[in-house]
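Enquirer: First the structure, then my questions, so here it is.
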Amino acid sequence: MKSLLKKKCHRAGLIVVFAIAVFLGPAHGYAKAETAEAKSECITCHTDVKKLIRLGWKIEKTRPKPGKSAETAGKG
Amino acid sequence: MEPYEKIYVKPSFLKTNHGKIGCEVCHNGDTKDPDWQTAHKGIIKDPTFPDADKTCGECHEDITSTAKNSLHYTLAPFGGVIKARANKKDKRVFEKVCQAKEKHCSACHSSCGQCHVSRPDYVAGGFLAGHLFQEKPCMDTTCASCHGGRVYAEFTGANDEYPADVHHDKEEMTCMDCHTGKEMHADATGVASRFDLPERPRCEKCHPDVVSKKPKTSSHAIHRNKVACQVCHAVANKNCFNCHAGTDKKGLPYFKSNETRMLFKIGLNPNKTKDRPYNYVVLRHPPADPRLFDFYIKDGLSDFNKLPTWKLDTPHNIQRITPQNKTCNNCHGNVSLFLQKNDVTDWEQKANAGVVVPQAKIPKPLKEISPKWKP
């Protein structure tokens with residue numbers, strides 16, 4: 001009786017472990033990929049609109065763009 | 001375009017083949033540095049110019065091998081025109097002309113990236129679609145950035161009182177329907193003008209009947225190989241005059257052109273070829289002027305008369321019926337359509353001697369041809 005219970009518990013345990021592996025496996029892989037992406041500071045910044053807007057203001061203050069000459073007149 | 005939009009990368013780009021390549025592979029920079037200023041040290045904004053071989057060429061070698069010598073990349077005919085007109089006897093003067101050309105003319109080039117990823121540098125760049133590569137760029141944001149003043153305005157009907165090109169208006173065609181990738185990427189080494197590029201668009205590709213031995217329309221049989229298609233089917237184009245270039249107090253380059261006029265002028269074909277055997281072509285006056293670079297060097301363009309200032313042109317406002325083709329005599333005997341000596345300023349007479357139409361070569365008025373006439 002005891003050994004039968006043991007076997008059943010063992011089987012149930014395996015099922016639970018398998019289920020956890022099935023559910024968490026891909027998610028874990030996805031998380032890994034996300035981490036790899038997040039490691040690139042370029043991507044972190046260039047996909048964040050708010051960050052880009054704030055940085056844009058900062059850059060504009062310190063390094064205003066030269067723009068086009070005001071002396072240009074007529075069509076080129 | 002807002003500054004952030006120019007550099008915002010859409011997350012969907014990261015799932016594309018190009019997006020899976022690390023940023024630093026093409027652009028350099030330090031991907032692990034959280035400080036944007038030091039991270040951007042050594043950054044390459046457009047890794048596809050001047051040499052696309054090490055970026056695009058890694059996978060698209062068949063295209064970059066010719067595209068790096070294409071008209072958009074090198075603007076070679078532009079340099080050829082300046083060189084033909086420049087003072088080549090005085091080395092110092094010639095060098096100054098070349099420097100001015102670099103400063104003013106060479107800024108207009110394009111590259112793989114400046115067509116397929118972002119707007120051209122000439123209009124201060126900016127991604128077309130969050131760094132997503134566009135196989136066929138949108139003509140309104142790409143082509144129009146550089147060709148907006150004349151060709152694009154003609155094609156889309158932006159010039160008041162002049163209709164849009166029938167190909168745009170009725171067929172909803174875009175620039176790329178005629179100007180295919182084959183033409184855009186074609187090697188233009190040794191090509192003196194865009195009209196000499198073998199891959200250029202040809203009307204007869206879609207309208208073969210016009211050049212057939214027995215065209216359906218009598219006027220095509222009469223005029224075939226004698227007049228360029230645009231002589232009958234284009235309307236007035238934009239002509240510019242008197243351009244002067246210089247550098248302002250801030251060191252920024254500028255240009256000043258005096259006037260812009262919508263004109264339709266037919267001239268003699270200055271350069272007949274097997275592909276272009278016509279006696280008559282449409283002309284356009286570009287903003288050419290012998291004093292163009294006087295700010296940098298006097299008499300820099302001392303050979304200015306070597307080339308006509310009224311140039312062969314193919315206006316992009318094609319119509320089936322135009323003011324000049326409504327009847328035979330709307331053109332025949334209509335002196336005002338043809339470039340005359342008095343249309344040309346005194347200092348341009350010599351340069352344009354080969355394109356001005358003498359009285360004897362203006363087609364004589366005719367009795368109207370019977371509609372039953374057959375070639």
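Residues are referred to by chain and number: the chain letter is A, B, ... according to the order shown in the structure tokens, the number counts from 1 in that chain, and ligands are numbered separately from 1 in the order shown.
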Quick check: residues of chain B within 6 Å of chain A, only C-alpha atoms, returned as a PyMOL selection string.
Expert: chain B and resi 4+8-9+31-32+34+252+254-257
Enquirer: Within range 208-331 of chain B, find each residue whose DSSP state, derived from the backbone, is strand (DSSP E), and express the selection as a count of residues only.
Expert: 34
Enquirer: If you count only C-alpha atoms, which residues fall within 12 Å of Thr64 in chain B, apart from same-chain ones fewer than 2 positions away, as number ranges by chain?
Expert: B: 48-62, 66-70, 73, 111-113, 181-182, 184-187
Enquirer: Quick check, in Å to one decimal: how far apart do CA of Asn225 in chain B and CA of Tyr152 in chain B lie?
Expert: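 Here the two named atoms are 27.3 Å from each other.
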Enquirer: Please list as a list of chain:residue names every residue within 10 Å of Ser12 in chain B, counting only C-alpha atoms and excluding residues in the same chain fewer than 4 positions away.
Expert: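 Contacts, in chain order: A:Thr47, B:Thr16, B:Gly19, B:Gly130, B:His131, B:Leu132.
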Enquirer: Write to file, as a tab-separated table (two decimals), in the first residue's frame, the residues of the selection just made, with N, CA, C and O atoms.
Expert:
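Output saved as result_2.tsv:
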```tsv
chain	number	residue	atom	x	y	z
A	47	THR	N	14.39	53.45	-28.32
A	47	THR	CA	12.99	52.99	-28.41
A	47	THR	C	12.13	53.65	-27.34
A	47	THR	O	10.97	53.30	-27.19
B	16	THR	N	13.11	42.49	-37.31
B	16	THR	CA	13.44	42.29	-38.72
B	16	THR	C	14.88	41.79	-38.85
B	16	THR	O	15.66	41.87	-37.89
B	19	GLY	N	17.22	44.44	-38.01
B	19	GLY	CA	17.16	44.79	-36.59
B	19	GLY	C	17.90	43.80	-35.71
B	19	GLY	O	18.23	44.11	-34.56
B	130	GLY	N	10.86	54.73	-38.40
B	130	GLY	CA	11.49	54.15	-37.21
B	130	GLY	C	12.59	53.16	-37.50
B	130	GLY	O	12.67	52.13	-36.84
B	131	HIS	N	13.42	53.46	-38.46
B	131	HIS	CA	14.57	52.65	-38.88
B	131	HIS	C	14.17	51.39	-39.65
B	131	HIS	O	15.03	50.62	-40.08
B	132	LEU	N	12.88	51.17	-39.88
B	132	LEU	CA	12.47	50.03	-40.72
B	132	LEU	C	12.94	50.30	-42.14
B	132	LEU	O	12.73	51.41	-42.66
```
Enquirer: At what distance in Å, to one decimal, does CA of Glu199 in chain B lie from CA of His179 in chain B?
Expert: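 Atom-to-atom, CA of His179 in chain B and CA of Glu199 in chain B are spaced 8.8 Å apart.
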Enquirer: Pull the alpha helix (DSSP H) assignments for range 24-242 of chain B out of DSSP run on the backbone, and list those residues as a PyMOL selection string.
Expert: chain B and resi 24-27+36-39+61-67+71-74+76-85+91-104+113-116+143-147+151-156+166-169+175-178+181-184+203-206+218-223+229-233
Enquirer: For range 292-299 of chain B, work out the shell of residues within 8 Å, counting only C-alpha atoms and skipping chain neighbours fewer than 6 positions away, then give it as a list in words.
Expert: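 After dropping sequence-adjacent residues, the list is Asn87, Val93, Lys96, Val97, Ala100, Asn242, Cys243, His244, Ala245, Gly246 and Thr247 of chain B.
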Enquirer: What is the CA of Lys15 in chain B to CA of Arg119 in chain B distance in Å?
Expert: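 Interatomic distance, CA of Lys15 in chain B to CA of Arg119 in chain B: 22.2 Å.
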Enquirer: At a cut-off of 12 Å, using only C-alpha atoms, what residues contact Cys115 in chain B? Leave out same-chain residues fewer than 4 positions from it and give the result as a compact mmCIF listing (two decimals) with N, CA and C atoms, in the first residue's frame.
Expert:
```
# COMPACT_ATOMS: atom_id res chain seq x y z
N ASP B 46 25.57 57.74 -41.12
CA ASP B 46 25.16 57.01 -42.32
C ASP B 46 26.27 56.04 -42.72
N THR B 48 26.32 53.89 -44.82
CA THR B 48 26.25 53.45 -46.22
C THR B 48 26.90 54.45 -47.17
N PHE B 49 27.47 55.53 -46.63
CA PHE B 49 28.15 56.50 -47.46
C PHE B 49 29.47 56.91 -46.83
N ALA B 67 25.75 50.35 -57.28
CA ALA B 67 25.11 51.54 -56.68
C ALA B 67 26.13 52.57 -56.20
N HIS B 72 23.00 58.95 -58.13
CA HIS B 72 22.66 59.52 -56.83
C HIS B 72 23.85 59.52 -55.87
N TYR B 73 24.70 58.52 -55.99
CA TYR B 73 25.87 58.44 -55.10
C TYR B 73 26.95 59.45 -55.48
N HIS B 109 24.19 64.62 -52.67
CA HIS B 109 24.23 63.20 -53.04
C HIS B 109 23.24 62.40 -52.19
N SER B 110 23.03 61.15 -52.56
CA SER B 110 22.24 60.26 -51.72
C SER B 110 23.02 58.97 -51.48
N SER B 111 22.45 58.05 -50.76
CA SER B 111 23.14 56.78 -50.44
C SER B 111 22.07 55.72 -50.22
N ARG B 119 15.41 60.06 -44.51
CA ARG B 119 15.36 61.13 -45.51
C ARG B 119 16.81 61.54 -45.79
N PRO B 120 17.03 62.14 -46.96
CA PRO B 120 18.41 62.52 -47.28
C PRO B 120 18.98 63.57 -46.33
N ASP B 121 20.29 63.56 -46.18
CA ASP B 121 20.98 64.55 -45.33
C ASP B 121 20.65 65.97 -45.77
N TYR B 122 20.41 66.14 -47.06
CA TYR B 122 20.13 67.48 -47.62
C TYR B 122 18.96 68.15 -46.89
N GLY B 125 17.91 64.73 -42.70
CA GLY B 125 17.67 63.34 -42.33
C GLY B 125 16.39 63.07 -41.57
N GLY B 126 16.40 61.99 -40.78
CA GLY B 126 15.21 61.58 -40.03
C GLY B 126 14.68 60.27 -40.60
N PHE B 127 14.46 59.28 -39.70
CA PHE B 127 13.99 57.96 -40.18
C PHE B 127 12.68 58.07 -40.95
N LEU B 128 12.57 57.25 -42.00
CA LEU B 128 11.34 57.20 -42.78
C LEU B 128 10.24 56.49 -41.98
N ALA B 129 10.63 55.43 -41.26
CA ALA B 129 9.64 54.65 -40.49
C ALA B 129 10.35 53.95 -39.34
N HIS B 131 13.42 53.46 -38.46
CA HIS B 131 14.57 52.65 -38.88
C HIS B 131 14.17 51.39 -39.65
N LEU B 132 12.88 51.17 -39.88
CA LEU B 132 12.47 50.03 -40.72
C LEU B 132 12.94 50.30 -42.14
N PHE B 133 13.58 49.33 -42.76
CA PHE B 133 14.08 49.51 -44.12
C PHE B 133 12.92 49.49 -45.10
N GLN B 134 12.89 50.46 -46.00
CA GLN B 134 11.83 50.57 -46.99
C GLN B 134 12.37 50.10 -48.34
N GLU B 135 11.88 48.96 -48.80
CA GLU B 135 12.37 48.44 -50.08
C GLU B 135 12.07 49.44 -51.20
N LYS B 136 10.84 49.96 -51.17
CA LYS B 136 10.44 50.97 -52.14
C LYS B 136 10.11 52.24 -51.35
N PRO B 137 11.01 53.21 -51.32
CA PRO B 137 10.76 54.38 -50.49
C PRO B 137 9.54 55.17 -50.97
N CYS B 138 8.94 55.92 -50.05
CA CYS B 138 7.80 56.75 -50.38
C CYS B 138 8.30 57.99 -51.12
N MET B 139 7.74 58.25 -52.31
CA MET B 139 8.28 59.37 -53.10
C MET B 139 8.06 60.73 -52.43
N ASP B 140 6.99 60.85 -51.64
CA ASP B 140 6.70 62.15 -51.02
C ASP B 140 7.72 62.52 -49.95
N THR B 141 8.31 61.53 -49.30
CA THR B 141 9.28 61.86 -48.26
C THR B 141 10.72 61.68 -48.74
N THR B 142 10.92 60.86 -49.75
CA THR B 142 12.29 60.59 -50.19
C THR B 142 12.64 61.41 -51.44
N CYS B 143 12.04 61.08 -52.56
CA CYS B 143 12.37 61.78 -53.82
C CYS B 143 12.12 63.28 -53.68
N ALA B 144 10.95 63.62 -53.08
CA ALA B 144 10.55 65.03 -53.00
C ALA B 144 11.51 65.86 -52.16
N SER B 145 12.26 65.21 -51.27
CA SER B 145 13.19 65.96 -50.41
C SER B 145 14.22 66.71 -51.23
N CYS B 146 14.66 66.12 -52.32
CA CYS B 146 15.68 66.77 -53.15
C CYS B 146 15.10 67.29 -54.47
N MET B 176 8.87 55.76 -58.70
CA MET B 176 9.54 54.46 -58.83
C MET B 176 8.92 53.57 -59.90
N GLY B 181 14.49 50.41 -59.49
CA GLY B 181 15.73 50.14 -58.76
C GLY B 181 16.89 49.88 -59.71
N MET B 184 18.13 53.25 -60.54
CA MET B 184 18.69 53.92 -59.36
C MET B 184 20.04 53.33 -58.96
N HIS B 185 20.16 51.99 -59.12
CA HIS B 185 21.39 51.31 -58.68
C HIS B 185 22.40 51.13 -59.80
```
